[in-house]
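*Asks:* The structure under discussion is supplied below as structure tokens; questions concerning it will follow.
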Amino acid sequence: MPGPAVVELVGAGFAYEDGPAVLSGIDFAVPEGRSLAVLGRNGSGKTTLLRLLSGGLRCRSGRLRVAGEDVAYDRKGLTRLRTTVQLVVQDPDDQLFAASVGQDVSFGPMNLGLPEGEVRARVRAALEALDITALEDRPTHLLSYGQRKRAAIAGAVAMRPRVLILDEPTAGLDPHGQERLLAALDGLRGSGTTVVMATHDVDLALRWADDAAVLTPGGLRAGPVEELLGDAELLDAARLRRPWAMAVARLLRARGLMGADEPVPGTPEELDAWGARSARRG
Ligand SMILES: Nc1ncnc2c1ncn2[C@@H]1O[C@H](COP(=O)(O)OP(=O)(O)OP(=O)(O)O)[C@@H](O)[C@H]1O
């Protein structure tokens, strides 16, 4: 069962300048300790939603709440929000600006006025979490794209947020880079961080997330990832395709080869394990 919401939009609406409404009447709660995939086609409002959740954009209507309290968009309120929620934007070059990785990752904690020893400890832990300790002294402009992505995430992790929000973190990564990043995110989740990821990759969402939030032209629906990604009507409305694993499971179930209550294998390894189990059952 999902826990209480750490951060929550209540009846939230937003439009850019004089443009049309991008989001309206959105109720969206991020439960503590879960992994959540925000899904929607290009232009559906994923980035806008993440910016509203992290306070970078302000709701035109409705409210943003953190731990049950309305967020005040003044200096104190925004500082409190930043220590609870951290957003990593899609393009790492919009986030990295210091000369070296270590300097960049230390920027946030230093800005909080933390003692030097605490800043150093946080930087070390964040670099370890993202498996980039060896890059600490490397100039940021000499990093590969995948390394820049992980350095940008380390900067957010060093703020020790309760909720880490990532906009398309796997975009542009090769399969190995993607696996390394997902392993790092699993580690953060294991240590209690709530992780929210925007993606249009339904296969990734199914294997990685506990919960999903799907943006459709009519609004947003949130719930357990298997339930939402198994809902053909919702996927059609969102113009998303069914995950491959769901399609395979549906076929196997229709042929009586997989029980209705067996979890859908989300990775090749899980499929192999299911195959071995069902072979043993005969
Ligand atoms: N700064 C901006 N000014 C005006 N309109 C914007 C701005 N940023 C986004 N939009 C518009 O808001 C809508 C939602 O955009 P948003 O970036 O939130 O979608 P998205 O789901 O993240 O898209 P993608 O998957 O392509 O990254 C789009 O119609 C987009 O053109």
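In the structure tokens, chains take the letters A, B, ... in the order shown, each chain's residues start at 1, and ligands count up from 1 in the order shown.
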Within 6 Å of ligand 1, counting only C-alpha atoms and all ligand atoms, which protein or nucleic acid residues do you find, written as a ChimeraX atom specification?
*Replies:* /A:16,22,40-48
*Asks:* So which residues touch Gln95 (chain A) within 12 Å, counting only C-alpha atoms, skipping near sequence neighbours fewer than 6 positions away, as a list in words?
*Replies:*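 The filter keeps Gln86, Leu87, Val88, Val89, Val101, Asp104, Val105, Phe107, Gly108, Thr140, Arg148, Lys149, Arg150, Ala151, Ala152, Ile153, Ala154, Gly155 and Ala156 of chain A.
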*Asks:* Residues of the last selection are to be written out with C-alpha atoms, as a compact mmCIF listing (two decimals), in the first residue's frame.
*Replies:*
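Saved file out-v9.txt follows:
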```
# COMPACT_ATOMS: atom_id res chain seq x y z
CA GLN A 86 15.15 17.86 -6.14
CA LEU A 87 14.58 17.94 -9.90
CA VAL A 88 17.21 16.83 -12.41
CA VAL A 89 16.38 18.27 -15.81
CA VAL A 101 32.48 17.30 -11.03
CA ASP A 104 29.48 20.96 -9.11
CA VAL A 105 28.19 18.31 -6.73
CA PHE A 107 27.46 23.51 -4.89
CA GLY A 108 24.00 22.71 -3.46
CA THR A 140 32.72 18.74 -16.45
CA ARG A 148 27.34 14.21 -17.40
CA LYS A 149 23.90 12.72 -16.72
CA ARG A 150 25.23 10.90 -13.66
CA ALA A 151 27.14 13.97 -12.43
CA ALA A 152 23.96 16.07 -12.69
CA ILE A 153 22.02 13.47 -10.68
CA ALA A 154 24.82 13.32 -8.07
CA GLY A 155 24.40 17.09 -7.57
CA ALA A 156 20.74 16.55 -6.68
```
*Asks:* Compile the contact shell of region 162-169 of chain A as a PyMOL selection string: residues with an atom at most 6 Å away, counting only C-alpha atoms, same-chain residues fewer than 4 positions apart removed.
*Replies:* chain A and resi 84-90+193-199
*Asks:* From a DSSP calculation on the backbone, collect every residue of region 44-143 of chain A in alpha helix (DSSP H) and output the set as number ranges by chain.
*Replies:* A: 46-53, 75-84, 101-111, 116-129
*Asks:* In Å, rounded to a single decimal, give me how far CA of Leu235 (chain A) is from CA of Asp261 (chain A).
*Replies:*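 CA of Leu235 (chain A) lies 21.6 Å from CA of Asp261 (chain A).
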